[in-house]
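Colleague: Input input.txt, format and content: compact mmCIF, C-alpha atoms and all ligand atoms.
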# COMPACT_ATOMS: atom_id res chain seq x y z
CA MET A 690 110.76 91.90 107.00
CA LEU A 691 109.43 89.56 109.66
CA ARG A 692 106.39 91.75 110.15
CA HIS A 693 105.83 91.92 106.43
CA CYS A 694 105.90 88.12 106.13
CA GLU A 695 103.67 87.70 109.16
CA SER A 696 101.02 90.04 107.85
CA ARG A 697 101.09 88.52 104.38
CA PHE A 698 100.61 85.04 105.77
CA ALA A 699 98.04 86.17 108.34
CA GLU A 700 95.83 87.36 105.48
CA TRP A 701 95.34 83.74 104.52
CA ARG A 702 93.45 83.11 107.77
CA LEU A 703 94.48 79.49 107.91
CA PRO A 704 93.30 77.60 110.95
CA PRO A 705 96.01 77.20 113.60
CA SER A 706 96.04 73.44 113.10
CA SER A 707 97.09 73.74 109.46
CA THR A 708 99.65 71.33 108.11
CA ILE A 709 102.25 71.93 105.45
CA THR A 710 99.88 70.21 103.03
CA THR A 711 97.12 72.68 103.89
CA VAL A 712 99.52 75.54 103.29
CA ALA A 713 100.53 74.11 99.91
CA GLN A 714 96.88 73.61 98.95
CA GLU A 715 96.00 77.16 99.88
CA LEU A 716 98.94 78.52 97.90
CA SER A 717 97.88 76.35 94.98
CA ARG A 718 94.30 77.66 95.18
CA ARG A 719 95.54 81.25 95.29
CA ARG A 720 97.80 80.73 92.30
CA GLY A 721 95.11 78.81 90.40
CA ARG A 722 97.49 76.01 89.50
CA PRO A 723 98.62 72.76 91.08
CA ILE A 724 101.60 72.48 93.39
CA HIS A 725 103.19 69.06 93.67
CA LEU A 726 105.24 68.13 96.71
CA ILE A 727 107.69 65.42 95.74
CA PRO A 728 110.06 63.50 97.99
CA LEU A 729 113.41 62.82 96.30
CA ALA A 730 116.53 61.16 97.58
CA LEU A 731 118.74 64.19 97.08
CA GLY A 732 121.66 63.14 99.22
CA ALA A 733 123.18 64.91 102.17
CA ASP A 734 125.62 67.16 100.32
CA GLN A 735 123.03 68.46 97.90
CA PRO A 736 120.45 71.19 98.31
CA SER A 737 117.80 69.75 100.57
CA GLY A 738 114.94 71.15 98.53
CA LEU A 739 114.11 72.99 95.37
CA SER A 740 111.15 74.57 93.68
CA LEU A 741 110.43 74.58 89.99
CA THR A 742 108.03 76.92 88.29
CA LEU A 743 106.84 74.97 85.26
CA PRO A 744 104.44 76.34 82.64
CA THR A 745 101.34 74.75 84.18
CA MET A 746 102.31 73.80 87.69
CA ASP A 747 104.71 74.36 90.53
CA VAL A 748 106.84 71.56 91.86
CA VAL A 749 108.51 71.45 95.24
CA ALA A 750 111.01 68.65 95.72
CA TYR A 751 112.24 67.89 99.19
CA GLU A 752 114.74 65.51 100.72
CA ALA A 753 113.12 62.13 101.27
CA GLU A 754 115.78 60.78 103.59
CA THR A 755 115.34 63.05 106.55
CA SER A 756 113.02 63.64 109.50
CA ARG A 757 109.47 64.83 108.99
CA THR A 758 110.31 68.01 110.88
CA HIS A 759 113.19 68.76 108.56
CA GLN A 760 111.01 67.97 105.54
CA GLU A 761 108.37 70.41 106.74
CA HIS A 762 111.02 73.08 107.08
CA ILE A 763 112.33 72.39 103.56
CA ILE A 764 108.84 72.44 102.08
CA ALA A 765 107.90 75.61 103.95
CA HIS A 766 111.08 77.27 102.69
CA GLU A 767 110.40 76.31 99.08
CA LEU A 768 106.72 77.28 99.31
CA ALA A 769 107.90 80.60 100.69
CA HIS A 770 109.98 81.21 97.57
CA ILE A 771 106.89 80.58 95.44
CA MET A 772 104.70 82.63 97.75
CA CYS A 773 107.08 85.57 97.70
CA GLY A 774 107.39 85.43 93.92
CA HIS A 775 111.09 84.63 93.91
CA THR A 776 111.82 83.32 90.52
CA GLY A 777 115.56 83.79 90.47
CA SER A 778 117.24 81.58 87.93
CA ILE A 779 115.17 78.64 89.13
CA SER A 780 112.05 79.73 87.32
CA ILE A 781 111.58 77.55 84.28
CA ASP A 782 109.47 78.97 81.51
CA GLU A 783 108.14 77.24 78.45
CA ASN A 784 111.34 77.72 76.48
CA VAL A 785 113.44 76.28 79.21
CA ALA A 786 111.10 73.51 80.26
CA ARG A 787 111.96 71.45 77.23
CA LEU A 788 115.48 71.27 78.58
CA VAL A 789 114.10 69.06 81.26
CA PHE A 790 113.24 66.55 78.59
CA PRO A 791 115.70 64.05 77.09
CA ASN A 792 118.12 66.41 75.41
CA LEU A 793 118.72 68.39 78.49
CA ASP A 794 122.15 69.72 79.23
CA PRO A 795 122.92 68.64 82.78
CA GLY A 796 125.17 71.60 83.33
CA LEU A 797 122.41 74.02 82.47
CA VAL A 798 119.88 72.21 84.61
CA ARG A 799 122.32 72.20 87.46
CA GLU A 800 122.82 75.89 87.05
CA MET A 801 119.09 76.56 86.96
CA LEU A 802 118.27 74.47 89.94
CA HIS A 803 121.04 75.42 92.23
CA ARG A 804 119.91 77.17 95.35
CA ALA A 805 122.47 79.85 94.67
CA GLY A 806 120.09 80.98 91.93
CA TYR A 807 118.35 82.94 94.64
CA GLY A 808 120.01 86.01 96.02
CA ASP A 809 120.81 86.26 99.70
CA GLU A 810 117.91 88.59 100.28
CA HIS A 811 115.47 86.08 98.78
CA GLU A 812 116.97 83.29 100.87
CA LEU A 813 116.54 85.41 103.97
CA GLU A 814 112.95 86.29 103.12
CA ALA A 815 112.13 82.65 102.33
CA GLU A 816 113.66 81.53 105.60
CA ILE A 817 111.70 84.12 107.56
CA MET A 818 108.48 83.23 105.75
CA ALA A 819 109.17 79.55 106.40
CA SER A 820 109.49 80.21 110.11
CA VAL A 821 106.22 82.16 110.04
CA ILE A 822 104.53 79.23 108.30
CA LEU A 823 105.99 76.63 110.63
CA ARG A 824 104.96 78.55 113.69
CA ARG A 825 101.37 78.43 112.49
CA MET A 826 101.41 74.70 111.97
CA ASN A 827 101.05 71.91 114.37
CA ALA A 828 103.67 69.23 114.17
CA ARG A 829 101.38 66.36 113.34
CA PRO A 830 103.02 64.22 110.68
CA GLU A 831 101.10 63.87 107.48
CA ARG A 832 101.75 62.54 104.06
CA ALA A 833 102.63 65.40 101.76
CA GLY A 834 100.71 66.30 98.68
CA PRO A 835 98.99 64.39 95.95
CA THR A 836 100.92 62.05 93.71
CA PRO A 837 102.14 63.90 90.65
CA PRO A 838 101.02 62.92 87.17
CA ALA A 839 103.14 60.18 85.61
CA GLU A 840 104.84 62.54 83.17
CA VAL A 841 105.91 64.81 85.98
CA GLN A 842 107.27 61.90 87.95
CA GLU A 843 109.21 60.85 84.88
CA VAL A 844 110.80 64.28 84.57
CA LEU A 845 111.63 64.29 88.23
CA ASP A 846 113.20 60.86 88.05
CA ARG A 847 115.37 62.10 85.24
CA LEU A 848 116.25 65.24 87.13
CA GLU A 849 117.16 63.17 90.12
CA LYS A 850 119.45 60.98 88.07
CA THR A 851 121.03 63.80 86.12
CA PHE A 852 121.36 66.36 88.78
CA PHE A 853 121.75 64.53 92.02
CA SER A 854 123.28 61.09 91.58
CA ASP A 855 126.85 61.84 90.67
CA GLY A 856 127.27 65.35 92.01
CA ASP A 857 130.85 66.48 91.75
CA GLY A 858 130.23 69.39 94.07
CA SER A 859 130.82 72.05 91.44
ZN ZN A 901 115.90 79.02 99.31
How does this structure look as structure tokens?

Modeller:
Amino acid sequence: MLRHCESRFAEWRLPPSSTITTVAQELSRRRGRPIHLIPLALGADQPSGLSLTLPTMDVVAYEAETSRTHQEHIIAHELAHIMCGHTGSISIDENVARLVFPNLDPGLVREMLHRAGYGDEHELEAEIMASVILRRMNARPERAGPTPPAEVQEVLDRLEKTFFSDGDGS
């Protein structure tokens, strides 16, 4: 699986000095849709990152309150899920996306977003792909990603409140 991930990523021919932002931009270009990297205060006992496949864009949220190195790992892991086409139960299609809006059922959102939505094999592949990505990058810190559109930020703020503020660990 390592070799498979290495050869898939090598096809991108990214320069060795690529940053996680470069990787996200290249993935975005290849998918023909924007990818937004969003820092969120997720809290230590929550998943440290998540990816959402929305109808017109991909969103990667990562823990804001941690080291840059850890953030790069989280982002690389989530980009790897997107790159490898893991949708799991985290993929949100048009029908489901409206749940993110005001009438959302927090329990359902929680279920959709939970990392456990990915099977072990997908987690393993994402982790391997992440390590392949990180090996290709230099460690120079850089601000991640463009600022998301206001409506996306609004959704994310709501997600953050609903899903992450008063986690009961279930
Ligand atoms: Zn994962």

Colleague: Would you write out, as CSV, a table of all residues in chain A that have an atom no more than 9 Å from an atom of ligand ZN 901 (chain A), listing for each the closest atom pair and the distance in Å to one decimal, considering all atoms listed in the file and ordering rows by chain and rising residue number?

Modeller:
residue,atom,partner,partner_atom,distance
A:Gly738,CA,A:ZN901,ZN,8.0
A:Leu739,CA,A:ZN901,ZN,7.4
A:Ser740,CA,A:ZN901,ZN,8.6
A:Ile763,CA,A:ZN901,ZN,8.6
A:His766,CA,A:ZN901,ZN,6.1
A:Glu767,CA,A:ZN901,ZN,6.1
A:Ala769,CA,A:ZN901,ZN,8.3
A:His770,CA,A:ZN901,ZN,6.5
A:Arg804,CA,A:ZN901,ZN,5.9
A:Ala805,CA,A:ZN901,ZN,8.1
A:Gly806,CA,A:ZN901,ZN,8.7
A:Tyr807,CA,A:ZN901,ZN,6.6
A:Gly808,CA,A:ZN901,ZN,8.8
A:Asp809,CA,A:ZN901,ZN,8.8
A:His811,CA,A:ZN901,ZN,7.1
A:Glu812,CA,A:ZN901,ZN,4.7
A:Leu813,CA,A:ZN901,ZN,7.9
A:Glu814,CA,A:ZN901,ZN,8.7
A:Ala815,CA,A:ZN901,ZN,6.0
A:Glu816,CA,A:ZN901,ZN,7.1

Colleague: To one decimal in Å, tell me the separation between atom CA of A:Arg719 and atom CA of A:Met772.

Modeller: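 Going from atom CA of A:Arg719 over to atom CA of A:Met772, I get 9.6 Å.
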
Colleague: Measuring atom to atom with all atoms listed in the file, identify which of A:Ile764, A:Val844, A:Cys773, A:Ile724 is nearest to A:Arg697.

Modeller: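 Going through A:Ile764, A:Val844, A:Cys773, A:Ile724 one by one, the smallest distance to A:Arg697 is for A:Cys773.
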
Colleague: As an exercise, work out the distance from atom CA of A:Pro744 to atom CA of A:Trp701 in Å and give it to one decimal place.

Modeller: 24.8 Å

Colleague: One decimal, Å: what's the distance from atom CA of A:Gln714 over to atom CA of A:Cys694, could you say?

Modeller: 18.5 Å

Colleague: Of the residues A:Leu729, A:Ser706, A:Ala699, A:Thr742, which is the one nearest to A:Arg847, using all atoms listed in the file?

Modeller: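 Of A:Leu729, A:Ser706, A:Ala699, A:Thr742, the one nearest A:Arg847 is A:Leu729, counting all atoms listed in the file.
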
Colleague: Nearest to A:Ala765 among A:Leu703, A:Arg718, A:Glu695, A:Leu823, with distances taken over all atoms listed in the file: which residue is it?

Modeller: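 Closest to A:Ala765, using all atoms listed in the file: A:Leu823.
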
Colleague: Restricting the calculation to all atoms listed in the file: of A:His775, A:Val821, A:Ile709, A:Asp747, which residue gets closest to A:Met690?

Modeller: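 Smallest distance to A:Met690 is found for A:Val821.
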
Colleague: Nearest to A:Met826: which of A:Glu843, A:Glu715, A:Met746, A:Glu761 is it, counting only C-alpha atoms?

Modeller: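 Between A:Glu843, A:Glu715, A:Met746, A:Glu761, the residue approaching A:Met826 most closely is A:Glu761.
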
Colleague: At most 9 Å from (110.5, 71.8, 112.2), file frame, only C-alpha atoms: which residues, as a PDB file with C-alpha atoms, in the frame of the given file?

Modeller:
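Here's the written file part_34.pdb:
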ATOM      1  CA  SER A 756     113.020  63.640 109.500  1.00  0.00           C
ATOM      2  CA  ARG A 757     109.470  64.830 108.990  1.00  0.00           C
ATOM      3  CA  THR A 758     110.310  68.010 110.880  1.00  0.00           C
ATOM      4  CA  HIS A 759     113.190  68.760 108.560  1.00  0.00           C
ATOM      5  CA  GLN A 760     111.010  67.970 105.540  1.00  0.00           C
ATOM      6  CA  GLU A 761     108.370  70.410 106.740  1.00  0.00           C
ATOM      7  CA  HIS A 762     111.020  73.080 107.080  1.00  0.00           C
ATOM      8  CA  ILE A 763     112.330  72.390 103.560  1.00  0.00           C
ATOM      9  CA  SER A 820     109.490  80.210 110.110  1.00  0.00           C
ATOM     10  CA  LEU A 823     105.990  76.630 110.630  1.00  0.00           C
ATOM     11  CA  ARG A 824     104.960  78.550 113.690  1.00  0.00           C
ATOM     12  CA  ALA A 828     103.670  69.230 114.170  1.00  0.00           C
TER      13      ALA A 828
END

Colleague: Measuring between all atoms listed in the file, which one of A:Ala819, A:Leu768, A:Leu845, A:Ala839 shows the shortest distance to A:Ser717?

Modeller: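 Distance minimum relative to A:Ser717 lands on A:Leu768.
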